[in-house]
Amino acid sequence: MAHEVCVNQGECRTVEFFALLGLGGLLILGAMYAFFTLEHHGHILTGMNNQIVWGLPHVVAVFLIVAASGALNVASIGSVFGKDVYKRRAPLSGMLALALLSGGLGVLVLDLGRPDRLIVAMTRYNFHSIFALNMIFYNGFFAIVGLYLVTLMERKLKYWTRPVGFLAFFWRLGLTTATGSIFGFIVARAGYNSALMAPMFIIMSFAYGLAIFMVVQASMYSWNGLTLDLAIRRRMKKLLAVFVGASLYFTVVFHLTNLYFAKQWDYEQFILLDGGIFTLLFWVGQVFIGAVLPLSLLFINRSQGEHLVSFSVLAPLFVVVGGLCQMYVTIVGGQAFPLTLFPGHEVHSSFYDGVVHAYHPGIYEWLLGLGGVGITFTLTVVAVRVFKFLPQDDFKTVLMRRSTD
Amino acid sequence: MAIMANLPVLGKWFRIFACLGAMAFTAIASTQAVAGVDLPKLEHGKGDQCVDDVAFIRRHHPDLLKHHRDETVRLGIRTTKYSLKKCVECHAGSKTGSVASSEEDFCVACHRYAGAKLDCWDCHATKPGKQVPDAKPVLPQHGGSK
Amino acid sequence: MSDSVNSKQEDRRDFLKAGGLVAGITLAPGLLFYGVAQSRAPEEGVSSRQRWGMLIDTTKCADGCNDCVTACNTENGLSGKTGPQDSQWIRKLNVKDLHTGYVQSLPMMCQHCENPPCVDVCPTGASTKRADGIVLVDRHACIGCRYCMMACPYKARSFVHEPLHDQKPDVPRGKGCVESCTFCVQRVDKGEQPACVEACDAKGHKAMVFGDLKDPQSAISRALKSTDSVEVRADLALGTGVRYQGI
């Protein structure tokens, strides 16, 4: 590629930009196709059924929503805790949070049985429902983070950044608590009913959000032919390591309490030992790819120099993959394990009582899930091009170098 | 770069095509309107008259039905005036035996004309039940308590 | 003249008042009882003076008999298919004690909880409990999110996965909404028994008793008072309207 000096991002690499836009648009188109097909024929075309009622679309959606609140964390560290390096990343962090939430909610809405009644969901609230509470949290998140972005971008409103940042921080904690509680409040199911769900979701959101932020940030720097300063990279790597470690810790505690305190041995045996795909995804996906591998990558201290792939990109990518596996194990695995109607009894019926439920996601679920990623991707690509979201580090403290490819 | 220089031109053509597309789209939709569409010929319902003044029903039936449906679902009130089931019983077409099976059937004909989408028939039966009208009066007998 | 007429009228009024009072005192308990026990007038809404419930005697429920399920399908217009995506409002469970090997058969359906988790979690309030305890889905408000299906401990709910045709006029059902046993609300509102109970009686098993839990004279109340019965998953304290005896 020729060396272009782009004063304004909006003027360079137009072809690539439209290619990316096309890619995102293709994903969204796929989701729309799935949506209209399901709207016409019903969910009979999916792998979801009366046993596995929430499938792959929900896995992606919940992951994106959880990651959304986590992505805002970078801004919170800047605004709430006053760290300068993070403060300069606050706009990107806020925008990413909104894009991720849009993607997640988009999938949830497109998968509804009666999406035409979205207006009902937005106008009738059952305040006993944690789900309804979540809708308020999501809508509020858009408003508050939107406002926060405005205070960051408009000089006159600079003094509002901190209070609005505080509000956004507490709002996001509430949002993730509520998202975790969607599962935590389900008393009947062995895999969900735990007070640990909400805090575990919060700590996981830190990890997933930061991981996505790091990937996006790295892509933006390389897109503009820049290299992120090593000090900043190291700092974020350390932070990610802390979050991933904490997530792993919570995962261990969650399963230990199930074994020791809640005595959910059957469920634990299912997830940890003989749950087939769920056991595989748990150990290989969630634990190894999502935690052990990135942790070792993050702690390896490579000497400064050019590498084919930077560990500060590779590690967060693994965290994202692990996160998706974790959501799959939590959401689908929790449903695949049969409900216990009569403890100490063996139950069977025409309605699949007492058996582990099979789930084979179909093409439409994949399209819907990828569509959510597509929405987030497209919004991010457009926003990054239209606004100045590239972190503006202070040249005195951080050395920025032109890459010399 | 060359591509960048071409961009404004691309934009212009894009705008022109977008405008043409939009015009074509509206033109297709409005051909019927231009030609003039006849009022739907509705089959006369059974009996002499509707449960209320026809003009009143025509204007207010969505509200009446909505009100009645909430009372039925939430409160178990099953009065027959303004009940969708009773609408279907009187207005089912003679050919299809339904209010919404063909485009000439009562509900569909009018709603197509008015361009108002209906989703009643996703769930509700469009044909009267078999044992209608229910001749035997409902006995004030208590369900299973004695 | 006018005075005497007035006084006579007043006398008569007093007499009527007194008479009315006496009659009221003597008849009131009977009238009240009548009011509770009789089915409602069509324009009268349900009230919490009633609570519908069911008692299932598993010792009378025959293994292999599926009549309650068939009757339910016929009454409510279900296909009767048992694929993973098909609706089943009531199903027969075979329950085997793992320690003793004792096998029982029993019907399982919506337990019409006093505190239904499905109603708690429903974001739009489509999952609803009527004043008389019947738990229903208001399909006009159901957005098909399936959270209630996640929350129900009894796996009582089904999601309609495909477009339906030729529904029963009294039982609207359609694609994209969640549904479950309604205690045959369309029959109960007419003062009839749910279809499953009727079928069980017709078969001669008489394993299901349906009635008003708040009416001390009802067959179900008397049966509940005289026999030991349990809620399924009593540990969740949901106060189910359906109770089982013999398990």
# chains A, B, ... in the order shown; residues from 1 in each chain; ligands from 1

$ residues_around --residues "Asn73 (chain C)" --least-positions-apart "3" --cutoff "12 Å" --atoms "only C-alpha atoms" --output "short mmCIF file (atom, residue, chain, number, x, y, z; two decimals) with N, CA and C atoms, in the first residue's frame"
data_model
loop_
_atom_site.label_atom_id
_atom_site.label_comp_id
_atom_site.auth_asym_id
_atom_site.auth_seq_id
_atom_site.Cartn_x
_atom_site.Cartn_y
_atom_site.Cartn_z
N ASN C 66 -53.68 -42.79 28.50
CA ASN C 66 -53.29 -41.48 27.99
C ASN C 66 -54.52 -40.61 27.73
N ASP C 67 -55.65 -41.00 28.33
CA ASP C 67 -56.91 -40.35 27.97
C ASP C 67 -56.95 -38.86 28.30
N CYS C 68 -56.32 -38.49 29.42
CA CYS C 68 -56.33 -37.06 29.77
C CYS C 68 -55.59 -36.25 28.70
N VAL C 69 -54.50 -36.82 28.20
CA VAL C 69 -53.70 -36.13 27.19
C VAL C 69 -54.50 -35.99 25.89
N THR C 70 -55.13 -37.09 25.49
CA THR C 70 -55.92 -37.06 24.26
C THR C 70 -57.07 -36.06 24.37
N ASN C 76 -58.41 -28.56 23.08
CA ASN C 76 -57.67 -27.33 22.83
C ASN C 76 -57.09 -27.23 21.44
N GLY C 77 -57.34 -28.26 20.61
CA GLY C 77 -56.89 -28.20 19.23
C GLY C 77 -55.41 -28.40 19.05
N LEU C 78 -54.77 -29.17 19.94
CA LEU C 78 -53.36 -29.48 19.77
C LEU C 78 -53.21 -30.64 18.81
N SER C 79 -52.05 -30.68 18.14
CA SER C 79 -51.87 -31.71 17.12
C SER C 79 -51.70 -33.10 17.72
N GLY C 80 -51.18 -33.16 18.93
CA GLY C 80 -50.93 -34.45 19.55
C GLY C 80 -49.58 -35.03 19.19
N LYS C 81 -48.85 -34.32 18.32
CA LYS C 81 -47.52 -34.78 17.96
C LYS C 81 -46.58 -34.55 19.15
N THR C 82 -45.53 -35.36 19.24
CA THR C 82 -44.66 -35.26 20.41
C THR C 82 -43.21 -35.01 20.04
N ASP C 86 -43.06 -29.64 19.31
CA ASP C 86 -44.53 -29.65 19.38
C ASP C 86 -45.01 -29.31 20.78
N SER C 87 -46.17 -28.70 20.83
CA SER C 87 -46.75 -28.30 22.11
C SER C 87 -47.35 -29.51 22.83
N GLN C 88 -47.10 -29.57 24.12
CA GLN C 88 -47.77 -30.57 24.96
C GLN C 88 -48.21 -29.85 26.23
N TRP C 89 -49.52 -29.73 26.40
CA TRP C 89 -50.02 -29.01 27.57
C TRP C 89 -50.08 -29.91 28.79
N ILE C 90 -50.34 -31.19 28.53
CA ILE C 90 -50.36 -32.16 29.63
C ILE C 90 -49.64 -33.39 29.11
N ARG C 91 -48.88 -34.05 29.98
CA ARG C 91 -48.14 -35.23 29.57
C ARG C 91 -48.17 -36.23 30.70
N GLN C 167 -57.78 -23.32 14.30
CA GLN C 167 -57.82 -23.38 15.75
C GLN C 167 -59.27 -23.52 16.21
N LYS C 168 -59.41 -23.90 17.47
CA LYS C 168 -60.74 -23.94 18.07
C LYS C 168 -61.19 -22.51 18.34
N VAL C 171 -60.31 -21.52 21.76
CA VAL C 171 -58.91 -21.65 22.18
C VAL C 171 -57.98 -21.07 21.12
N SER C 180 -49.66 -22.87 27.50
CA SER C 180 -49.65 -23.98 28.45
C SER C 180 -51.08 -24.27 28.87
N CYS C 181 -51.21 -25.29 29.72
CA CYS C 181 -52.51 -25.70 30.25
C CYS C 181 -53.23 -24.49 30.84
N CYS C 184 -58.48 -25.56 31.06
CA CYS C 184 -59.62 -25.44 30.14
C CYS C 184 -60.50 -24.27 30.56
N PRO C 194 -62.48 -29.27 33.50
CA PRO C 194 -61.46 -29.38 32.45
C PRO C 194 -61.60 -30.71 31.70
N ALA C 195 -61.19 -30.71 30.44
CA ALA C 195 -61.38 -31.88 29.59
C ALA C 195 -60.67 -33.11 30.15
N CYS C 196 -59.48 -32.90 30.72
CA CYS C 196 -58.71 -34.06 31.22
C CYS C 196 -59.45 -34.74 32.36
N ALA C 199 -62.33 -36.70 31.03
CA ALA C 199 -61.89 -37.94 30.36
C ALA C 199 -61.50 -39.00 31.38
#

$ residues_around --residues "region 48-58 of chain C" --least-positions-apart "3" --cutoff "7 Å" --atoms "only C-alpha atoms" --output "number ranges by chain"
C: 61, 104-106, 131-134, 207-214, 220, 241-247

$ closest_atom_pairs --of "chain C" --to "chain A" --cutoff "7 Å" --atoms "only C-alpha atoms" --output "CSV"
residue,atom,partner,partner_atom,distance
C:Thr82,CA,A:Ser350,CA,6.3
C:Pro84,CA,A:Asn49,CA,5.7
C:Gln85,CA,A:Asn49,CA,4.7
C:Arg91,CA,A:Ser350,CA,6.7
C:Lys92,CA,A:Ser349,CA,6.0
C:Leu93,CA,A:Ser349,CA,4.9
C:Asn94,CA,A:His348,CA,5.4
C:Val95,CA,A:Val347,CA,4.7
C:Lys96,CA,A:Glu346,CA,4.9
C:Asp97,CA,A:His345,CA,4.5
C:Leu98,CA,A:His345,CA,5.2
C:Asp120,CA,A:His128,CA,5.3
C:Val121,CA,A:Ser129,CA,4.2
C:Cys122,CA,A:Ser129,CA,5.8
C:Pro123,CA,A:Ala132,CA,4.5
C:Thr124,CA,A:Tyr125,CA,5.1
C:Gly125,CA,A:Asn126,CA,5.1
C:Ala141,CA,A:Val120,CA,6.4
C:Ile143,CA,A:Arg114,CA,4.6
C:Gly144,CA,A:Gly113,CA,4.0
C:Cys145,CA,A:Leu112,CA,5.3
C:Arg146,CA,A:Val53,CA,6.4
C:Ala151,CA,A:Ile186,CA,5.3
C:Cys152,CA,A:Ala188,CA,6.7
C:Pro153,CA,A:Ala188,CA,4.6
C:Tyr154,CA,A:Leu341,CA,6.7
C:Ser158,CA,A:Asn50,CA,5.6
C:Phe159,CA,A:Asn50,CA,6.2
C:His161,CA,A:His43,CA,4.7
C:Glu162,CA,A:Gly42,CA,4.5
C:Pro163,CA,A:Gly42,CA,6.5
C:Lys175,CA,A:Gly42,CA,6.4
C:Gly176,CA,A:Gly113,CA,3.8
C:Cys177,CA,A:Gly113,CA,6.1
C:Val232,CA,A:Leu341,CA,6.7
C:Arg233,CA,A:Leu341,CA,6.3

$ interface_residues --of "chain C" --to "chain B" --cutoff "7 Å" --atoms "only C-alpha atoms" --output "count of residues only"
30

$ residues_around --residues "Phe141 (chain A)" --least-positions-apart "6" --cutoff "9 Å" --atoms "only C-alpha atoms" --output "JSON list (two decimals) with all heavy atoms, in the first residue's frame"
[["chain", "number", "residue", "atom", "x", "y", "z"],
["A", 69, "SER", "N", -21.08, -3.71, 28.50],
["A", 69, "SER", "CA", -20.86, -3.02, 29.76],
["A", 69, "SER", "C", -19.39, -3.08, 30.14],
["A", 69, "SER", "O", -18.87, -2.17, 30.78],
["A", 69, "SER", "CB", -21.76, -3.59, 30.85],
["A", 69, "SER", "OG", -21.48, -4.95, 31.03],
["A", 98, "LEU", "N", -21.67, 1.12, 23.09],
["A", 98, "LEU", "CA", -22.96, 1.30, 22.42],
["A", 98, "LEU", "C", -23.11, 0.34, 21.24],
["A", 98, "LEU", "O", -24.18, -0.25, 21.02],
["A", 98, "LEU", "CB", -23.12, 2.74, 21.94],
["A", 98, "LEU", "CG", -23.29, 3.78, 23.05],
["A", 98, "LEU", "CD1", -23.58, 5.16, 22.45],
["A", 98, "LEU", "CD2", -24.41, 3.39, 24.00],
["A", 101, "LEU", "N", -23.76, -3.19, 22.54],
["A", 101, "LEU", "CA", -25.12, -3.34, 23.07],
["A", 101, "LEU", "C", -26.13, -3.38, 21.93],
["A", 101, "LEU", "O", -27.08, -4.17, 21.96],
["A", 101, "LEU", "CB", -25.44, -2.19, 24.03],
["A", 101, "LEU", "CG", -26.73, -2.36, 24.82],
["A", 101, "LEU", "CD1", -26.65, -3.57, 25.72],
["A", 101, "LEU", "CD2", -27.05, -1.13, 25.65],
["A", 168, "ALA", "N", -22.51, 6.65, 34.46],
["A", 168, "ALA", "CA", -22.39, 5.55, 33.50],
["A", 168, "ALA", "C", -21.77, 4.33, 34.16],
["A", 168, "ALA", "O", -22.18, 3.18, 33.92],
["A", 168, "ALA", "CB", -21.56, 5.99, 32.29],
["A", 171, "TRP", "N", -24.29, 2.74, 36.41],
["A", 171, "TRP", "CA", -25.36, 2.18, 35.57],
["A", 171, "TRP", "C", -24.90, 0.86, 34.95],
["A", 171, "TRP", "O", -25.64, -0.11, 34.89],
["A", 171, "TRP", "CB", -25.74, 3.18, 34.49],
["A", 171, "TRP", "CG", -27.03, 2.85, 33.82],
["A", 171, "TRP", "CD1", -27.21, 2.11, 32.69],
["A", 171, "TRP", "CD2", -28.34, 3.22, 34.26],
["A", 171, "TRP", "NE1", -28.54, 1.99, 32.40],
["A", 171, "TRP", "CE2", -29.26, 2.67, 33.34],
["A", 171, "TRP", "CE3", -28.83, 3.96, 35.34],
["A", 171, "TRP", "CZ2", -30.64, 2.84, 33.47],
["A", 171, "TRP", "CZ3", -30.19, 4.13, 35.46],
["A", 171, "TRP", "CH2", -31.08, 3.57, 34.53],
["A", 172, "ARG", "N", -23.66, 0.83, 34.51],
["A", 172, "ARG", "CA", -23.19, -0.39, 33.86],
["A", 172, "ARG", "C", -23.05, -1.54, 34.86],
["A", 172, "ARG", "O", -23.30, -2.68, 34.55],
["A", 172, "ARG", "CB", -21.86, -0.18, 33.15],
["A", 172, "ARG", "CG", -20.73, 0.12, 34.08],
["A", 172, "ARG", "CD", -19.39, -0.47, 33.70],
["A", 172, "ARG", "NE", -19.45, -1.81, 33.17],
["A", 172, "ARG", "CZ", -19.19, -2.91, 33.86],
["A", 172, "ARG", "NH1", -18.92, -2.82, 35.15],
["A", 172, "ARG", "NH2", -19.19, -4.08, 33.29],
["A", 175, "LEU", "N", -26.47, -2.74, 35.18],
["A", 175, "LEU", "CA", -26.87, -3.46, 33.97],
["A", 175, "LEU", "C", -26.33, -4.88, 33.97],
["A", 175, "LEU", "O", -27.06, -5.84, 33.69],
["A", 175, "LEU", "CB", -26.38, -2.70, 32.74],
["A", 175, "LEU", "CG", -26.79, -3.23, 31.38],
["A", 175, "LEU", "CD1", -27.06, -2.08, 30.42],
["A", 175, "LEU", "CD2", -25.74, -4.13, 30.77]]

$ closest_residue --among "C:Val185, C:Val197, C:Cys65, C:Cys72" --to "His112 (chain C)" --atoms "only C-alpha atoms"
C:Val185

$ select_by_dssp --residues "region 169-230 of chain C" --states "strand (DSSP E or B)" --output "ChimeraX atom specification"
/C:171,178-179,208-212,230

$ write_last_selection --atoms "all heavy atoms" --output "PDB file, in the first residue's frame"
ATOM      1  N   VAL C 171     -60.305 -21.517  21.756  1.00  0.00           N
ATOM      2  CA  VAL C 171     -58.909 -21.650  22.181  1.00  0.00           C
ATOM      3  C   VAL C 171     -57.982 -21.071  21.124  1.00  0.00           C
ATOM      4  O   VAL C 171     -57.431 -21.784  20.304  1.00  0.00           O
ATOM      5  CB  VAL C 171     -58.546 -23.130  22.437  1.00  0.00           C
ATOM      6  CG1 VAL C 171     -57.192 -23.218  23.123  1.00  0.00           C
ATOM      7  CG2 VAL C 171     -59.598 -23.819  23.263  1.00  0.00           C
ATOM      8  N   VAL C 178     -46.026 -18.295  23.581  1.00  0.00           N
ATOM      9  CA  VAL C 178     -45.888 -19.400  24.519  1.00  0.00           C
ATOM     10  C   VAL C 178     -47.271 -19.766  25.030  1.00  0.00           C
ATOM     11  O   VAL C 178     -48.153 -18.907  25.121  1.00  0.00           O
ATOM     12  CB  VAL C 178     -44.948 -18.993  25.667  1.00  0.00           C
ATOM     13  CG1 VAL C 178     -44.864 -20.080  26.712  1.00  0.00           C
ATOM     14  CG2 VAL C 178     -43.567 -18.679  25.127  1.00  0.00           C
ATOM     15  N   GLU C 179     -47.457 -21.048  25.302  1.00  0.00           N
ATOM     16  CA  GLU C 179     -48.766 -21.492  25.771  1.00  0.00           C
ATOM     17  C   GLU C 179     -48.601 -22.615  26.774  1.00  0.00           C
ATOM     18  O   GLU C 179     -47.534 -23.225  26.879  1.00  0.00           O
ATOM     19  CB  GLU C 179     -49.604 -21.965  24.589  1.00  0.00           C
ATOM     20  CG  GLU C 179     -48.931 -23.093  23.802  1.00  0.00           C
ATOM     21  CD  GLU C 179     -49.725 -23.530  22.587  1.00  0.00           C
ATOM     22  OE1 GLU C 179     -50.616 -22.778  22.160  1.00  0.00           O
ATOM     23  OE2 GLU C 179     -49.457 -24.630  22.092  1.00  0.00           O
ATOM     24  N   MET C 208     -58.522 -37.652  38.958  1.00  0.00           N
ATOM     25  CA  MET C 208     -58.378 -36.203  39.017  1.00  0.00           C
ATOM     26  C   MET C 208     -59.649 -35.572  39.573  1.00  0.00           C
ATOM     27  O   MET C 208     -60.745 -35.861  39.116  1.00  0.00           O
ATOM     28  CB  MET C 208     -58.113 -35.640  37.605  1.00  0.00           C
ATOM     29  CG  MET C 208     -56.908 -36.254  36.913  1.00  0.00           C
ATOM     30  SD  MET C 208     -56.895 -35.868  35.150  1.00  0.00           S
ATOM     31  CE  MET C 208     -55.611 -34.629  35.108  1.00  0.00           C
ATOM     32  N   VAL C 209     -59.463 -34.703  40.544  1.00  0.00           N
ATOM     33  CA  VAL C 209     -60.585 -33.948  41.085  1.00  0.00           C
ATOM     34  C   VAL C 209     -60.297 -32.475  40.880  1.00  0.00           C
ATOM     35  O   VAL C 209     -59.217 -31.994  41.214  1.00  0.00           O
ATOM     36  CB  VAL C 209     -60.780 -34.228  42.591  1.00  0.00           C
ATOM     37  CG1 VAL C 209     -61.992 -33.493  43.109  1.00  0.00           C
ATOM     38  CG2 VAL C 209     -60.886 -35.713  42.848  1.00  0.00           C
ATOM     39  N   PHE C 210     -61.275 -31.787  40.298  1.00  0.00           N
ATOM     40  CA  PHE C 210     -61.096 -30.367  40.029  1.00  0.00           C
ATOM     41  C   PHE C 210     -62.139 -29.585  40.808  1.00  0.00           C
ATOM     42  O   PHE C 210     -63.271 -30.051  40.978  1.00  0.00           O
ATOM     43  CB  PHE C 210     -61.264 -30.095  38.531  1.00  0.00           C
ATOM     44  CG  PHE C 210     -61.168 -28.644  38.165  1.00  0.00           C
ATOM     45  CD1 PHE C 210     -59.932 -28.031  38.031  1.00  0.00           C
ATOM     46  CD2 PHE C 210     -62.317 -27.884  37.972  1.00  0.00           C
ATOM     47  CE1 PHE C 210     -59.844 -26.698  37.693  1.00  0.00           C
ATOM     48  CE2 PHE C 210     -62.225 -26.537  37.636  1.00  0.00           C
ATOM     49  CZ  PHE C 210     -60.980 -25.942  37.492  1.00  0.00           C
ATOM     50  N   GLY C 211     -61.793 -28.432  41.305  1.00  0.00           N
ATOM     51  CA  GLY C 211     -62.802 -27.627  41.991  1.00  0.00           C
ATOM     52  C   GLY C 211     -62.226 -26.409  42.673  1.00  0.00           C
ATOM     53  O   GLY C 211     -61.064 -26.036  42.454  1.00  0.00           O
ATOM     54  N   ASP C 212     -63.078 -25.811  43.482  1.00  0.00           N
ATOM     55  CA  ASP C 212     -62.753 -24.554  44.139  1.00  0.00           C
ATOM     56  C   ASP C 212     -62.111 -24.833  45.495  1.00  0.00           C
ATOM     57  O   ASP C 212     -62.757 -25.350  46.408  1.00  0.00           O
ATOM     58  CB  ASP C 212     -64.049 -23.738  44.292  1.00  0.00           C
ATOM     59  CG  ASP C 212     -63.784 -22.383  44.919  1.00  0.00           C
ATOM     60  OD1 ASP C 212     -62.600 -22.065  45.162  1.00  0.00           O
ATOM     61  OD2 ASP C 212     -64.755 -21.651  45.149  1.00  0.00           O
ATOM     62  N   VAL C 230     -49.328 -33.591  48.300  1.00  0.00           N
ATOM     63  CA  VAL C 230     -48.104 -32.787  48.236  1.00  0.00           C
ATOM     64  C   VAL C 230     -48.068 -31.955  46.957  1.00  0.00           C
ATOM     65  O   VAL C 230     -48.749 -32.253  45.981  1.00  0.00           O
ATOM     66  CB  VAL C 230     -46.835 -33.676  48.263  1.00  0.00           C
ATOM     67  CG1 VAL C 230     -46.692 -34.358  49.603  1.00  0.00           C
ATOM     68  CG2 VAL C 230     -46.863 -34.681  47.126  1.00  0.00           C
TER      69      VAL C 230
END

$ select_by_dssp --residues "region 50-195 of chain A" --states "alpha helix (DSSP H)" --output "number ranges by chain"
A: 56-71, 73-79, 84-87, 90-110, 118-123, 130-153, 161-184

$ atom_distance --atom1 "CA of Met200 (chain A)" --atom2 "CA of Phe377 (chain A)"
26.2 Å

$ atom_distance --atom1 "CA of Leu368 (chain A)" --atom2 "CA of Met204 (chain A)"
23.2 Å

$ residues_around --residues "Leu92 (chain A)" --least-positions-apart "4" --cutoff "8 Å" --atoms "only C-alpha atoms" --output "list in words"
Leu96, Phe389, Leu390 and Pro391 of chain A

$ closest_residue --among "A:Thr279, A:Thr378, A:Thr14, A:Thr227" --to "chain B" --atoms "only C-alpha atoms"
A:Thr14

$ atom_distance --atom1 "CA of Gly94 (chain A)" --atom2 "CA of Gly165 (chain A)"
9.9 Å

$ residues_around --residues "Ala75 (chain A)" --least-positions-apart "5" --cutoff "10 Å" --atoms "only C-alpha atoms" --output "list of chain:residue names"
A:Gly70, A:Val80, A:Phe81, A:Gly82, A:Lys83, A:Val85, A:Tyr86, A:Lys87, A:Arg88, A:Arg89, A:Ala90, A:Pro91, A:Leu92, A:Ser93, A:Gly94, A:Ala97, A:Tyr148, A:Leu149, A:Gly165, A:Phe166, A:Ala168, A:Phe169

$ write_last_selection --atoms "N, CA, C and O atoms" --output "short mmCIF file (atom, residue, chain, number, x, y, z; two decimals), in the first residue's frame"
data_model
loop_
_atom_site.label_atom_id
_atom_site.label_comp_id
_atom_site.auth_asym_id
_atom_site.auth_seq_id
_atom_site.Cartn_x
_atom_site.Cartn_y
_atom_site.Cartn_z
N GLY A 70 -18.73 -4.17 29.74
CA GLY A 70 -17.31 -4.28 30.05
C GLY A 70 -16.47 -3.32 29.23
O GLY A 70 -15.47 -2.78 29.72
N VAL A 80 -13.67 7.82 36.19
CA VAL A 80 -13.98 7.63 37.59
C VAL A 80 -12.70 7.56 38.42
O VAL A 80 -12.60 8.15 39.48
N PHE A 81 -11.71 6.85 37.88
CA PHE A 81 -10.49 6.68 38.66
C PHE A 81 -9.35 7.57 38.19
O PHE A 81 -8.24 7.50 38.70
N GLY A 82 -9.64 8.40 37.17
CA GLY A 82 -8.71 9.45 36.79
C GLY A 82 -7.39 9.02 36.16
O GLY A 82 -6.39 9.70 36.27
N LYS A 83 -7.37 7.88 35.50
CA LYS A 83 -6.13 7.45 34.84
C LYS A 83 -6.06 8.07 33.44
O LYS A 83 -6.94 7.85 32.61
N VAL A 85 -4.15 7.65 30.71
CA VAL A 85 -4.08 6.80 29.52
C VAL A 85 -5.47 6.29 29.14
O VAL A 85 -5.83 6.21 27.97
N TYR A 86 -6.24 5.96 30.16
CA TYR A 86 -7.58 5.43 29.90
C TYR A 86 -8.55 6.53 29.52
O TYR A 86 -9.47 6.33 28.74
N LYS A 87 -8.32 7.72 30.09
CA LYS A 87 -9.19 8.85 29.79
C LYS A 87 -9.18 9.13 28.29
O LYS A 87 -10.19 9.47 27.68
N ARG A 88 -8.01 8.98 27.69
CA ARG A 88 -7.88 9.26 26.26
C ARG A 88 -8.54 8.18 25.41
O ARG A 88 -8.70 8.34 24.21
N ARG A 89 -8.85 7.08 26.04
CA ARG A 89 -9.53 6.00 25.32
C ARG A 89 -11.02 5.97 25.63
O ARG A 89 -11.75 5.09 25.15
N ALA A 90 -11.46 6.93 26.42
CA ALA A 90 -12.86 6.94 26.84
C ALA A 90 -13.85 7.04 25.67
O ALA A 90 -14.83 6.30 25.63
N PRO A 91 -13.59 7.93 24.69
CA PRO A 91 -14.57 8.00 23.59
C PRO A 91 -14.71 6.67 22.85
O PRO A 91 -15.82 6.20 22.60
N LEU A 92 -13.57 6.04 22.54
CA LEU A 92 -13.61 4.76 21.84
C LEU A 92 -14.34 3.73 22.69
O LEU A 92 -15.17 2.95 22.19
N SER A 93 -14.05 3.74 23.97
CA SER A 93 -14.67 2.79 24.87
C SER A 93 -16.19 2.97 24.92
O SER A 93 -16.95 1.99 24.83
N GLY A 94 -16.63 4.23 25.02
CA GLY A 94 -18.08 4.49 25.06
C GLY A 94 -18.75 4.08 23.78
O GLY A 94 -19.82 3.44 23.78
N ALA A 97 -19.02 0.37 23.51
CA ALA A 97 -20.06 -0.14 24.40
C ALA A 97 -21.43 -0.04 23.72
O ALA A 97 -22.22 -0.99 23.74
N TYR A 148 -22.62 10.74 27.77
CA TYR A 148 -21.21 10.72 28.19
C TYR A 148 -20.30 11.02 26.99
O TYR A 148 -19.36 11.82 27.09
N LEU A 149 -20.63 10.40 25.86
CA LEU A 149 -19.84 10.66 24.65
C LEU A 149 -19.91 12.13 24.26
O LEU A 149 -18.91 12.73 23.85
N GLY A 165 -19.69 10.33 33.78
CA GLY A 165 -18.89 9.11 33.78
C GLY A 165 -19.18 8.25 34.99
O GLY A 165 -19.28 7.02 34.90
N PHE A 166 -19.32 8.91 36.13
CA PHE A 166 -19.70 8.19 37.35
C PHE A 166 -21.03 7.48 37.18
O PHE A 166 -21.18 6.30 37.50
N ALA A 168 -22.51 6.65 34.46
CA ALA A 168 -22.39 5.55 33.50
C ALA A 168 -21.77 4.33 34.16
O ALA A 168 -22.18 3.18 33.92
N PHE A 169 -20.78 4.57 35.03
CA PHE A 169 -20.09 3.48 35.70
C PHE A 169 -21.07 2.68 36.57
O PHE A 169 -21.14 1.45 36.50
#

$ residues_around --residues "region 43-60 of chain B" --least-positions-apart "2" --cutoff "9 Å" --atoms "only C-alpha atoms" --output "list in words"
Lys41, Pro62, Asp63, Leu64, Leu65, Lys81, Tyr82, Cys87, Glu89, Cys90, His91, Ala92, Gly93, Ser94, Glu104, Asp105 and Phe106 of chain B
